[in-house]
>>> print(open('model-v2.pdb').read())   # PDB, C-alpha atoms and all ligand atoms
ATOM      1  CA  MET A  14     -67.374  41.910  27.413  1.00  0.00           C
ATOM      2  CA  PRO A  15     -68.591  45.533  27.766  1.00  0.00           C
ATOM      3  CA  VAL A  16     -65.794  47.905  28.747  1.00  0.00           C
ATOM      4  CA  LEU A  17     -67.412  48.781  32.080  1.00  0.00           C
ATOM      5  CA  LEU A  18     -67.687  45.118  33.127  1.00  0.00           C
ATOM      6  CA  LEU A  19     -64.124  44.470  32.021  1.00  0.00           C
ATOM      7  CA  ALA A  20     -62.915  47.416  34.109  1.00  0.00           C
ATOM      8  CA  LEU A  21     -64.895  46.087  37.068  1.00  0.00           C
ATOM      9  CA  LYS A  22     -63.368  42.639  36.664  1.00  0.00           C
ATOM     10  CA  VAL A  23     -59.825  44.038  36.515  1.00  0.00           C
ATOM     11  CA  GLU A  24     -60.586  46.138  39.597  1.00  0.00           C
ATOM     12  CA  MET A  25     -61.866  43.071  41.473  1.00  0.00           C
ATOM     13  CA  LEU A  26     -58.795  41.073  40.520  1.00  0.00           C
ATOM     14  CA  ASP A  27     -56.647  43.894  41.870  1.00  0.00           C
ATOM     15  CA  MET A  28     -58.519  43.852  45.140  1.00  0.00           C
ATOM     16  CA  THR A  29     -57.981  40.127  45.656  1.00  0.00           C
ATOM     17  CA  GLU A  30     -54.901  39.698  47.803  1.00  0.00           C
ATOM     18  CA  ALA A  31     -52.379  37.098  46.661  1.00  0.00           C
ATOM     19  CA  THR A  32     -52.160  34.152  49.003  1.00  0.00           C
ATOM     20  CA  VAL A  33     -49.483  33.986  51.660  1.00  0.00           C
ATOM     21  CA  ILE A  34     -48.147  31.384  54.054  1.00  0.00           C
ATOM     22  CA  THR A  35     -46.260  32.540  57.112  1.00  0.00           C
ATOM     23  CA  VAL A  36     -43.379  30.675  58.743  1.00  0.00           C
ATOM     24  CA  ASP A  37     -42.315  32.114  62.100  1.00  0.00           C
ATOM     25  CA  GLY A  38     -39.996  30.815  64.771  1.00  0.00           C
ATOM     26  CA  PRO A  39     -36.646  31.305  66.487  1.00  0.00           C
ATOM     27  CA  SER A  40     -33.314  31.427  64.660  1.00  0.00           C
ATOM     28  CA  GLY A  41     -31.813  28.088  63.729  1.00  0.00           C
ATOM     29  CA  ALA A  42     -35.131  26.234  63.486  1.00  0.00           C
ATOM     30  CA  GLY A  43     -34.528  25.803  59.745  1.00  0.00           C
ATOM     31  CA  LYS A  44     -36.985  28.477  58.556  1.00  0.00           C
ATOM     32  CA  GLY A  45     -34.623  30.120  56.053  1.00  0.00           C
ATOM     33  CA  THR A  46     -33.736  26.868  54.317  1.00  0.00           C
ATOM     34  CA  VAL A  47     -37.243  25.447  54.268  1.00  0.00           C
ATOM     35  CA  CYS A  48     -38.820  28.752  53.124  1.00  0.00           C
ATOM     36  CA  ALA A  49     -36.359  29.009  50.211  1.00  0.00           C
ATOM     37  CA  ILE A  50     -37.194  25.417  49.215  1.00  0.00           C
ATOM     38  CA  LEU A  51     -40.951  26.048  49.524  1.00  0.00           C
ATOM     39  CA  ALA A  52     -40.806  29.251  47.454  1.00  0.00           C
ATOM     40  CA  ASP A  53     -38.779  27.429  44.817  1.00  0.00           C
ATOM     41  CA  THR A  54     -41.119  24.401  44.757  1.00  0.00           C
ATOM     42  CA  LEU A  55     -44.312  26.481  44.625  1.00  0.00           C
ATOM     43  CA  LYS A  56     -42.769  29.169  42.355  1.00  0.00           C
ATOM     44  CA  TRP A  57     -43.988  31.770  44.867  1.00  0.00           C
ATOM     45  CA  HIS A  58     -42.228  34.910  46.076  1.00  0.00           C
ATOM     46  CA  LEU A  59     -40.084  34.808  49.207  1.00  0.00           C
ATOM     47  CA  LEU A  60     -39.887  37.407  51.976  1.00  0.00           C
ATOM     48  CA  ASP A  61     -36.845  37.043  54.239  1.00  0.00           C
ATOM     49  CA  SER A  62     -37.955  39.621  56.815  1.00  0.00           C
ATOM     50  CA  GLY A  63     -34.929  38.969  59.027  1.00  0.00           C
ATOM     51  CA  ALA A  64     -32.767  40.266  56.169  1.00  0.00           C
ATOM     52  CA  LEU A  65     -34.603  43.613  56.359  1.00  0.00           C
ATOM     53  CA  TYR A  66     -33.741  43.939  60.078  1.00  0.00           C
ATOM     54  CA  ARG A  67     -30.165  42.868  59.371  1.00  0.00           C
ATOM     55  CA  ILE A  68     -29.847  45.439  56.559  1.00  0.00           C
ATOM     56  CA  THR A  69     -31.350  48.142  58.790  1.00  0.00           C
ATOM     57  CA  GLY A  70     -28.799  47.323  61.517  1.00  0.00           C
ATOM     58  CA  LEU A  71     -25.914  47.379  59.045  1.00  0.00           C
ATOM     59  CA  ALA A  72     -27.083  50.552  57.281  1.00  0.00           C
ATOM     60  CA  SER A  73     -27.494  52.352  60.634  1.00  0.00           C
ATOM     61  CA  GLU A  74     -24.015  51.346  61.705  1.00  0.00           C
ATOM     62  CA  ARG A  75     -22.530  52.479  58.387  1.00  0.00           C
ATOM     63  CA  LYS A  76     -24.273  55.843  58.719  1.00  0.00           C
ATOM     64  CA  GLY A  77     -22.989  56.226  62.273  1.00  0.00           C
ATOM     65  CA  ILE A  78     -26.502  56.239  63.777  1.00  0.00           C
ATOM     66  CA  ASP A  79     -26.552  55.194  67.424  1.00  0.00           C
ATOM     67  CA  LEU A  80     -28.807  52.144  67.881  1.00  0.00           C
ATOM     68  CA  ASP A  81     -30.413  53.869  70.889  1.00  0.00           C
ATOM     69  CA  ASP A  82     -31.592  56.629  68.551  1.00  0.00           C
ATOM     70  CA  GLU A  83     -34.958  55.055  67.719  1.00  0.00           C
ATOM     71  CA  ALA A  84     -36.138  57.851  65.401  1.00  0.00           C
ATOM     72  CA  GLY A  85     -32.792  57.877  63.603  1.00  0.00           C
ATOM     73  CA  VAL A  86     -32.809  54.100  63.010  1.00  0.00           C
ATOM     74  CA  ALA A  87     -36.484  54.202  61.952  1.00  0.00           C
ATOM     75  CA  ASP A  88     -35.573  56.877  59.420  1.00  0.00           C
ATOM     76  CA  VAL A  89     -32.852  54.585  58.032  1.00  0.00           C
ATOM     77  CA  ALA A  90     -35.407  51.710  57.861  1.00  0.00           C
ATOM     78  CA  ALA A  91     -37.978  53.873  56.067  1.00  0.00           C
ATOM     79  CA  ASN A  92     -35.476  55.008  53.459  1.00  0.00           C
ATOM     80  CA  LEU A  93     -33.496  51.807  52.860  1.00  0.00           C
ATOM     81  CA  ASP A  94     -32.055  51.655  49.374  1.00  0.00           C
ATOM     82  CA  VAL A  95     -32.068  47.879  49.150  1.00  0.00           C
ATOM     83  CA  ARG A  96     -32.528  45.445  46.283  1.00  0.00           C
ATOM     84  CA  PHE A  97     -32.953  41.671  46.353  1.00  0.00           C
ATOM     85  CA  LYS A  98     -31.628  40.202  43.109  1.00  0.00           C
ATOM     86  CA  PRO A  99     -32.570  36.532  42.568  1.00  0.00           C
ATOM     87  CA  GLY A 100     -29.965  34.491  40.665  1.00  0.00           C
ATOM     88  CA  ASN A 101     -28.709  30.938  40.202  1.00  0.00           C
ATOM     89  CA  GLU A 102     -26.602  31.145  43.371  1.00  0.00           C
ATOM     90  CA  GLY A 103     -29.502  32.427  45.487  1.00  0.00           C
ATOM     91  CA  VAL A 104     -30.527  35.997  46.246  1.00  0.00           C
ATOM     92  CA  THR A 105     -27.950  38.793  46.089  1.00  0.00           C
ATOM     93  CA  VAL A 106     -28.625  41.638  48.535  1.00  0.00           C
ATOM     94  CA  LEU A 107     -27.568  45.126  47.467  1.00  0.00           C
ATOM     95  CA  LEU A 108     -27.461  47.991  49.965  1.00  0.00           C
ATOM     96  CA  GLU A 109     -26.978  51.293  48.147  1.00  0.00           C
ATOM     97  CA  GLY A 110     -25.553  49.230  45.293  1.00  0.00           C
ATOM     98  CA  ASP A 111     -23.030  47.474  47.550  1.00  0.00           C
ATOM     99  CA  ASP A 112     -23.207  43.637  47.693  1.00  0.00           C
ATOM    100  CA  VAL A 113     -23.849  42.841  51.381  1.00  0.00           C
ATOM    101  CA  THR A 114     -25.098  39.257  50.859  1.00  0.00           C
ATOM    102  CA  THR A 115     -22.471  37.648  53.106  1.00  0.00           C
ATOM    103  CA  THR A 116     -21.925  40.604  55.452  1.00  0.00           C
ATOM    104  CA  ILE A 117     -25.533  40.559  56.678  1.00  0.00           C
ATOM    105  CA  ARG A 118     -25.201  36.877  57.690  1.00  0.00           C
ATOM    106  CA  THR A 119     -22.408  37.483  60.215  1.00  0.00           C
ATOM    107  CA  GLU A 120     -23.004  37.137  63.977  1.00  0.00           C
ATOM    108  CA  GLU A 121     -22.132  40.849  64.392  1.00  0.00           C
ATOM    109  CA  VAL A 122     -24.878  41.989  62.025  1.00  0.00           C
ATOM    110  CA  GLY A 123     -27.238  39.432  63.616  1.00  0.00           C
ATOM    111  CA  SER A 124     -26.694  41.191  66.919  1.00  0.00           C
ATOM    112  CA  LEU A 125     -27.322  44.643  65.360  1.00  0.00           C
ATOM    113  CA  ALA A 126     -30.519  43.238  63.806  1.00  0.00           C
ATOM    114  CA  SER A 127     -31.762  41.935  67.135  1.00  0.00           C
ATOM    115  CA  GLN A 128     -31.245  45.384  68.704  1.00  0.00           C
ATOM    116  CA  VAL A 129     -33.001  47.365  65.954  1.00  0.00           C
ATOM    117  CA  ALA A 130     -35.829  44.779  65.840  1.00  0.00           C
ATOM    118  CA  ALA A 131     -36.690  45.687  69.445  1.00  0.00           C
ATOM    119  CA  LEU A 132     -37.520  49.291  68.421  1.00  0.00           C
ATOM    120  CA  PRO A 133     -41.277  49.820  67.726  1.00  0.00           C
ATOM    121  CA  ALA A 134     -40.686  52.695  65.289  1.00  0.00           C
ATOM    122  CA  VAL A 135     -38.369  50.511  63.218  1.00  0.00           C
ATOM    123  CA  ARG A 136     -40.930  47.696  63.067  1.00  0.00           C
ATOM    124  CA  ALA A 137     -43.586  50.199  61.993  1.00  0.00           C
ATOM    125  CA  ALA A 138     -41.287  51.623  59.314  1.00  0.00           C
ATOM    126  CA  LEU A 139     -40.722  48.152  57.823  1.00  0.00           C
ATOM    127  CA  LEU A 140     -44.363  47.022  57.929  1.00  0.00           C
ATOM    128  CA  GLN A 141     -45.576  48.237  54.518  1.00  0.00           C
ATOM    129  CA  ARG A 142     -42.323  47.251  52.831  1.00  0.00           C
ATOM    130  CA  GLN A 143     -42.915  43.686  54.001  1.00  0.00           C
ATOM    131  CA  ARG A 144     -46.573  43.688  52.916  1.00  0.00           C
ATOM    132  CA  ASP A 145     -45.504  44.837  49.437  1.00  0.00           C
ATOM    133  CA  PHE A 146     -43.900  41.415  48.909  1.00  0.00           C
ATOM    134  CA  ARG A 147     -47.394  39.877  48.790  1.00  0.00           C
ATOM    135  CA  GLN A 148     -47.836  39.355  45.075  1.00  0.00           C
ATOM    136  CA  ALA A 149     -49.365  36.697  42.817  1.00  0.00           C
ATOM    137  CA  PRO A 150     -49.070  33.781  42.577  1.00  0.00           C
ATOM    138  CA  GLY A 151     -48.229  33.701  46.306  1.00  0.00           C
ATOM    139  CA  LEU A 152     -45.749  34.513  49.039  1.00  0.00           C
ATOM    140  CA  VAL A 153     -43.776  32.500  51.555  1.00  0.00           C
ATOM    141  CA  ALA A 154     -43.063  34.893  54.455  1.00  0.00           C
ATOM    142  CA  ASP A 155     -40.215  33.979  56.809  1.00  0.00           C
ATOM    143  CA  GLY A 156     -39.804  35.778  60.132  1.00  0.00           C
ATOM    144  CA  ARG A 157     -40.856  36.202  63.735  1.00  0.00           C
ATOM    145  CA  ASP A 158     -44.148  38.092  63.475  1.00  0.00           C
ATOM    146  CA  MET A 159     -45.381  37.215  59.997  1.00  0.00           C
ATOM    147  CA  GLY A 160     -48.486  35.424  61.317  1.00  0.00           C
ATOM    148  CA  THR A 161     -49.080  37.627  64.381  1.00  0.00           C
ATOM    149  CA  VAL A 162     -48.573  41.130  62.918  1.00  0.00           C
ATOM    150  CA  VAL A 163     -47.653  41.441  59.244  1.00  0.00           C
ATOM    151  CA  PHE A 164     -50.004  38.932  57.542  1.00  0.00           C
ATOM    152  CA  THR A 165     -52.623  38.206  60.204  1.00  0.00           C
ATOM    153  CA  ASP A 166     -55.086  36.945  57.543  1.00  0.00           C
ATOM    154  CA  ALA A 167     -52.707  34.312  56.128  1.00  0.00           C
ATOM    155  CA  PRO A 168     -54.639  31.077  55.454  1.00  0.00           C
ATOM    156  CA  VAL A 169     -51.684  28.949  56.573  1.00  0.00           C
ATOM    157  CA  LYS A 170     -49.452  29.866  59.514  1.00  0.00           C
ATOM    158  CA  ILE A 171     -46.554  27.729  60.656  1.00  0.00           C
ATOM    159  CA  PHE A 172     -44.479  28.155  63.815  1.00  0.00           C
ATOM    160  CA  LEU A 173     -41.242  26.234  63.323  1.00  0.00           C
ATOM    161  CA  THR A 174     -39.132  25.585  66.382  1.00  0.00           C
ATOM    162  CA  ALA A 175     -36.366  23.301  67.726  1.00  0.00           C
ATOM    163  CA  SER A 176     -34.476  22.969  71.004  1.00  0.00           C
ATOM    164  CA  ALA A 177     -31.762  25.591  71.720  1.00  0.00           C
ATOM    165  CA  GLU A 178     -29.123  22.803  71.834  1.00  0.00           C
ATOM    166  CA  GLU A 179     -30.105  21.511  68.404  1.00  0.00           C
ATOM    167  CA  ARG A 180     -30.217  25.022  66.937  1.00  0.00           C
ATOM    168  CA  GLY A 181     -26.774  25.749  68.391  1.00  0.00           C
ATOM    169  CA  ARG A 182     -25.434  22.521  66.935  1.00  0.00           C
ATOM    170  CA  ARG A 183     -26.794  23.387  63.470  1.00  0.00           C
ATOM    171  CA  ARG A 184     -25.272  26.863  63.615  1.00  0.00           C
ATOM    172  CA  TYR A 185     -21.961  25.340  64.776  1.00  0.00           C
ATOM    173  CA  GLU A 186     -21.901  22.956  61.782  1.00  0.00           C
ATOM    174  CA  GLN A 187     -22.746  25.810  59.399  1.00  0.00           C
ATOM    175  CA  LEU A 188     -19.928  27.984  60.716  1.00  0.00           C
ATOM    176  CA  ARG A 189     -17.424  25.101  60.657  1.00  0.00           C
ATOM    177  CA  GLN A 190     -18.349  24.314  57.055  1.00  0.00           C
ATOM    178  CA  LYS A 191     -17.645  27.927  56.142  1.00  0.00           C
ATOM    179  CA  GLY A 192     -14.237  27.579  57.802  1.00  0.00           C
ATOM    180  CA  PHE A 193     -15.052  29.715  60.870  1.00  0.00           C
ATOM    181  CA  ASP A 194     -13.911  28.765  64.333  1.00  0.00           C
ATOM    182  CA  ALA A 195     -16.795  28.550  66.808  1.00  0.00           C
ATOM    183  CA  SER A 196     -17.562  27.499  70.360  1.00  0.00           C
ATOM    184  CA  LEU A 197     -20.692  25.347  70.705  1.00  0.00           C
ATOM    185  CA  PRO A 198     -21.507  26.365  74.322  1.00  0.00           C
ATOM    186  CA  ALA A 199     -21.068  30.058  73.396  1.00  0.00           C
ATOM    187  CA  LEU A 200     -23.385  29.651  70.394  1.00  0.00           C
ATOM    188  CA  ILE A 201     -26.074  27.956  72.509  1.00  0.00           C
ATOM    189  CA  GLU A 202     -25.784  30.702  75.108  1.00  0.00           C
ATOM    190  CA  ASP A 203     -26.043  33.343  72.383  1.00  0.00           C
ATOM    191  CA  ILE A 204     -29.159  31.669  70.964  1.00  0.00           C
ATOM    192  CA  ARG A 205     -30.768  31.612  74.419  1.00  0.00           C
ATOM    193  CA  THR A 206     -30.012  35.310  74.943  1.00  0.00           C
ATOM    194  CA  ARG A 207     -31.446  36.211  71.551  1.00  0.00           C
ATOM    195  CA  ASP A 208     -34.564  34.047  72.107  1.00  0.00           C
ATOM    196  CA  GLU A 209     -35.076  35.747  75.436  1.00  0.00           C
ATOM    197  CA  ARG A 210     -34.834  39.220  73.898  1.00  0.00           C
ATOM    198  CA  ASP A 211     -37.049  38.308  70.905  1.00  0.00           C
ATOM    199  CA  SER A 212     -39.715  36.637  73.110  1.00  0.00           C
ATOM    200  CA  ASN A 213     -39.867  39.308  75.796  1.00  0.00           C
ATOM    201  CA  ARG A 214     -39.806  42.526  73.810  1.00  0.00           C
ATOM    202  CA  SER A 215     -42.930  44.634  74.184  1.00  0.00           C
ATOM    203  CA  VAL A 216     -43.578  44.945  70.468  1.00  0.00           C
ATOM    204  CA  ALA A 217     -44.252  41.887  68.272  1.00  0.00           C
ATOM    205  CA  PRO A 218     -42.770  39.327  70.683  1.00  0.00           C
ATOM    206  CA  LEU A 219     -41.831  35.944  69.235  1.00  0.00           C
ATOM    207  CA  ARG A 220     -44.787  33.621  69.815  1.00  0.00           C
ATOM    208  CA  PRO A 221     -47.001  31.381  67.673  1.00  0.00           C
ATOM    209  CA  ALA A 222     -50.182  32.968  66.292  1.00  0.00           C
ATOM    210  CA  SER A 223     -53.262  31.427  67.932  1.00  0.00           C
ATOM    211  CA  ASP A 224     -54.116  29.795  64.589  1.00  0.00           C
ATOM    212  CA  ALA A 225     -50.558  28.624  63.791  1.00  0.00           C
ATOM    213  CA  LYS A 226     -49.531  25.001  63.384  1.00  0.00           C
ATOM    214  CA  VAL A 227     -46.458  24.357  65.542  1.00  0.00           C
ATOM    215  CA  ILE A 228     -43.773  22.095  64.066  1.00  0.00           C
ATOM    216  CA  ASP A 229     -40.833  21.012  66.228  1.00  0.00           C
ATOM    217  CA  SER A 230     -37.930  20.280  63.873  1.00  0.00           C
ATOM    218  CA  THR A 231     -35.498  19.023  66.560  1.00  0.00           C
ATOM    219  CA  THR A 232     -35.569  15.467  65.199  1.00  0.00           C
ATOM    220  CA  LEU A 233     -36.787  16.203  61.661  1.00  0.00           C
ATOM    221  CA  SER A 234     -34.789  16.559  58.435  1.00  0.00           C
ATOM    222  CA  ILE A 235     -35.355  19.563  56.157  1.00  0.00           C
ATOM    223  CA  ASP A 236     -37.146  17.250  53.676  1.00  0.00           C
ATOM    224  CA  GLU A 237     -39.511  16.062  56.408  1.00  0.00           C
ATOM    225  CA  VAL A 238     -40.289  19.641  57.444  1.00  0.00           C
ATOM    226  CA  ARG A 239     -40.853  20.639  53.791  1.00  0.00           C
ATOM    227  CA  ASP A 240     -43.216  17.688  53.234  1.00  0.00           C
ATOM    228  CA  GLU A 241     -45.183  18.431  56.381  1.00  0.00           C
ATOM    229  CA  ILE A 242     -45.668  22.081  55.398  1.00  0.00           C
ATOM    230  CA  LEU A 243     -46.573  21.148  51.806  1.00  0.00           C
ATOM    231  CA  SER A 244     -49.231  18.768  53.080  1.00  0.00           C
ATOM    232  CA  ILE A 245     -50.659  21.525  55.325  1.00  0.00           C
ATOM    233  CA  ILE A 246     -50.769  23.887  52.313  1.00  0.00           C
ATOM    234  CA  ARG A 247     -52.432  21.181  50.220  1.00  0.00           C
ATOM    235  CA  ASN A 248     -55.000  20.411  52.924  1.00  0.00           C
ATOM    236  CA  ALA A 249     -55.836  24.112  53.090  1.00  0.00           C
ATOM    237  CA  GLY A 250     -56.645  23.957  49.367  1.00  0.00           C
ATOM    238  CA  LEU A 251     -54.005  26.508  48.402  1.00  0.00           C
ATOM    239  CA  ILE A 252     -52.343  24.195  45.847  1.00  0.00           C
TER     240      ILE A 252
HETATM  241  O1  LIG B   1     -34.081  35.535  61.097  1.00  0.00           O
HETATM  242  P1  LIG B   1     -32.843  36.391  61.302  1.00  0.00           P
HETATM  243  O2  LIG B   1     -31.802  35.744  62.189  1.00  0.00           O
HETATM  244  O3  LIG B   1     -32.259  36.838  60.004  1.00  0.00           O
HETATM  245  O4  LIG B   1     -33.361  37.691  62.073  1.00  0.00           O
HETATM  246  C1  LIG B   1     -32.483  38.684  62.498  1.00  0.00           C
HETATM  247  C2  LIG B   1     -33.054  39.408  63.702  1.00  0.00           C
HETATM  248  O5  LIG B   1     -34.232  40.124  63.338  1.00  0.00           O
HETATM  249  C3  LIG B   1     -33.446  38.490  64.879  1.00  0.00           C
HETATM  250  O6  LIG B   1     -32.924  39.036  66.088  1.00  0.00           O
HETATM  251  C4  LIG B   1     -34.943  38.546  64.938  1.00  0.00           C
HETATM  252  C5  LIG B   1     -35.304  39.807  64.200  1.00  0.00           C
HETATM  253  N1  LIG B   1     -36.510  39.640  63.404  1.00  0.00           N
HETATM  254  C6  LIG B   1     -37.686  40.150  63.891  1.00  0.00           C
HETATM  255  O7  LIG B   1     -37.707  40.702  64.989  1.00  0.00           O
HETATM  256  N2  LIG B   1     -38.827  40.059  63.150  1.00  0.00           N
HETATM  257  C7  LIG B   1     -38.832  39.435  61.971  1.00  0.00           C
HETATM  258  N3  LIG B   1     -39.950  39.350  61.272  1.00  0.00           N
HETATM  259  C8  LIG B   1     -37.628  38.881  61.461  1.00  0.00           C
HETATM  260  C9  LIG B   1     -36.488  38.997  62.205  1.00  0.00           C
END
>>> encode(input="model-v2.pdb", output="structure tokens")
Amino acid sequence: MPVLLLALKVEMLDMTEATVITVDGPSGAGKGTVCAILADTLKWHLLDSGALYRITGLASERKGIDLDDEAGVADVAANLDVRFKPGNEGVTVLLEGDDVTTTIRTEEVGSLASQVAALPAVRAALLQRQRDFRQAPGLVADGRDMGTVVFTDAPVKIFLTASAEERGRRRYEQLRQKGFDASLPALIEDIRTRDERDSNRSVAPLRPASDAKVIDSTTLSIDEVRDEILSIIRNAGLI
């Protein structure tokens, strides 16, 4: 092939965006688990966008930045020194070289994340970082606004939900298995409060994209959710 044509072909390949499927929904709907399984099954990349908000909340706290200081927190978000290291035991998250994999999953950091996620400047600062995860052969993007803001052109958009009671119960079981003491009514209340804040914020509120397929996982197993999403991906001709 002449050099010019070859260069053109390479250029065109570069311009073609890798495919992406978005999975949005409230916490506890099973998104994290099912997205990890999907990425593993398809051998695609995984974006856990919630982790970026959690890390931003934790990093701001560690730097002593007040969470009301929107510009200060956005600056932390824009300059995050974070690495996601995949391994046999799952993904290790390093913040400035420090392993924060378990710390970012605590309820405390979840609350910090919810507060920083309500700040428009923080969301803007994290936008390109999230889009950079879109690489061949494909991306599974897990979050709240993946289909409505970050990857609006995604060919498959899922909105995964479940009742607040069921999500509270799942969280309760998770915490108990890890040996933590927990109150089920308090967890359900906390989930409702967080849903309320995530759904009513002015920027990127939690809602299904108009072209999203809504899946209610209240009475479904993880395997059933995985199979339903895989069949949607197959029907869309992506695999
Ligand atoms: O999914 P998670 O629990 O790790 O998310 C933590 C917080 O970040 C939660 O309050 C919702 C928020 N979030 C968001 O606003 N947008 C995203 N794309 C992902 C998470």
>>> closest_residue(input="model-v2.pdb", among="A:Gly160, A:Pro39, A:Gly85, A:Gly63", to="ligand LIG 1 (chain B)", atoms="all atoms listed in the file")
A:Gly63
>>> resolve_selection(input="model-v2.pdb", expression="the PyMOL selection byres (((chain A and resi 90) around 9) and not hetatm)", output="MDAnalysis selection string")
chainID A and resid 65:66 68:70 72:73 85:89 91:93 135:136 138:139
>>> write_last_selection(input="model-v2.pdb", atoms="C-alpha atoms", output="PDB file, in the coordinates of the input")
ATOM      1  CA  LEU A  65     -34.603  43.613  56.359  1.00  0.00           C
ATOM      2  CA  TYR A  66     -33.741  43.939  60.078  1.00  0.00           C
ATOM      3  CA  ILE A  68     -29.847  45.439  56.559  1.00  0.00           C
ATOM      4  CA  THR A  69     -31.350  48.142  58.790  1.00  0.00           C
ATOM      5  CA  GLY A  70     -28.799  47.323  61.517  1.00  0.00           C
ATOM      6  CA  ALA A  72     -27.083  50.552  57.281  1.00  0.00           C
ATOM      7  CA  SER A  73     -27.494  52.352  60.634  1.00  0.00           C
ATOM      8  CA  GLY A  85     -32.792  57.877  63.603  1.00  0.00           C
ATOM      9  CA  VAL A  86     -32.809  54.100  63.010  1.00  0.00           C
ATOM     10  CA  ALA A  87     -36.484  54.202  61.952  1.00  0.00           C
ATOM     11  CA  ASP A  88     -35.573  56.877  59.420  1.00  0.00           C
ATOM     12  CA  VAL A  89     -32.852  54.585  58.032  1.00  0.00           C
ATOM     13  CA  ALA A  91     -37.978  53.873  56.067  1.00  0.00           C
ATOM     14  CA  ASN A  92     -35.476  55.008  53.459  1.00  0.00           C
ATOM     15  CA  LEU A  93     -33.496  51.807  52.860  1.00  0.00           C
ATOM     16  CA  VAL A 135     -38.369  50.511  63.218  1.00  0.00           C
ATOM     17  CA  ARG A 136     -40.930  47.696  63.067  1.00  0.00           C
ATOM     18  CA  ALA A 138     -41.287  51.623  59.314  1.00  0.00           C
ATOM     19  CA  LEU A 139     -40.722  48.152  57.823  1.00  0.00           C
TER      20      LEU A 139
END
>>> resolve_selection(input="model-v2.pdb", expression="the PyMOL selection byres (((chain A and resi 235) around 12) and not hetatm)", output="list in words")
Gly41, Ala42, Gly43, Lys44, Gly45, Thr46, Val47, Cys48, Ala49, Ile50, Leu51, Leu173, Arg183, Ile228, Asp229, Ser230, Thr231, Thr232, Leu233, Ser234, Asp236, Glu237, Val238, Arg239, Asp240, Glu241 and Ile242 of chain A
>>> resolve_selection(input="model-v2.pdb", expression="the PyMOL selection byres (((not hetatm)) within 9 of (chain B and resi 1))", output="ChimeraX atom specification")
/A:37-41,44-45,61-67,117-118,122-131,136,143,154-159,162-163,207-208,210-211,217-219
>>> atom_distance(input="model-v2.pdb", atom1="atom CA of Trp57 of chain A", atom2="atom CA of Gln148 of chain A")
8.5 Å
>>> atom_distance(input="model-v2.pdb", atom1="atom CA of Thr115 of chain A", atom2="atom CA of Arg189 of chain A")
15.5 Å
>>> atom_distance(input="model-v2.pdb", atom1="atom CA of Asp111 of chain A", atom2="atom CA of Phe146 of chain A")
21.8 Å
>>> residues_around(input="model-v2.pdb", residues="Gly250 of chain A", least_positions_apart="5", cutoff="12 Å", atoms="all atoms listed in the file", output="PyMOL selection string")
chain A and resi 32+168-169+243-245
>>> residues_near_point(input="model-v2.pdb", point="(-28.2, 39.3, 44.5)", cutoff="12 Å", atoms="all atoms listed in the file", output="JSON, numbers by chain")
{"A": [95, 96, 97, 98, 99, 100, 101, 102, 103, 104, 105, 106, 107, 108, 110, 111, 112, 113, 114, 115]}
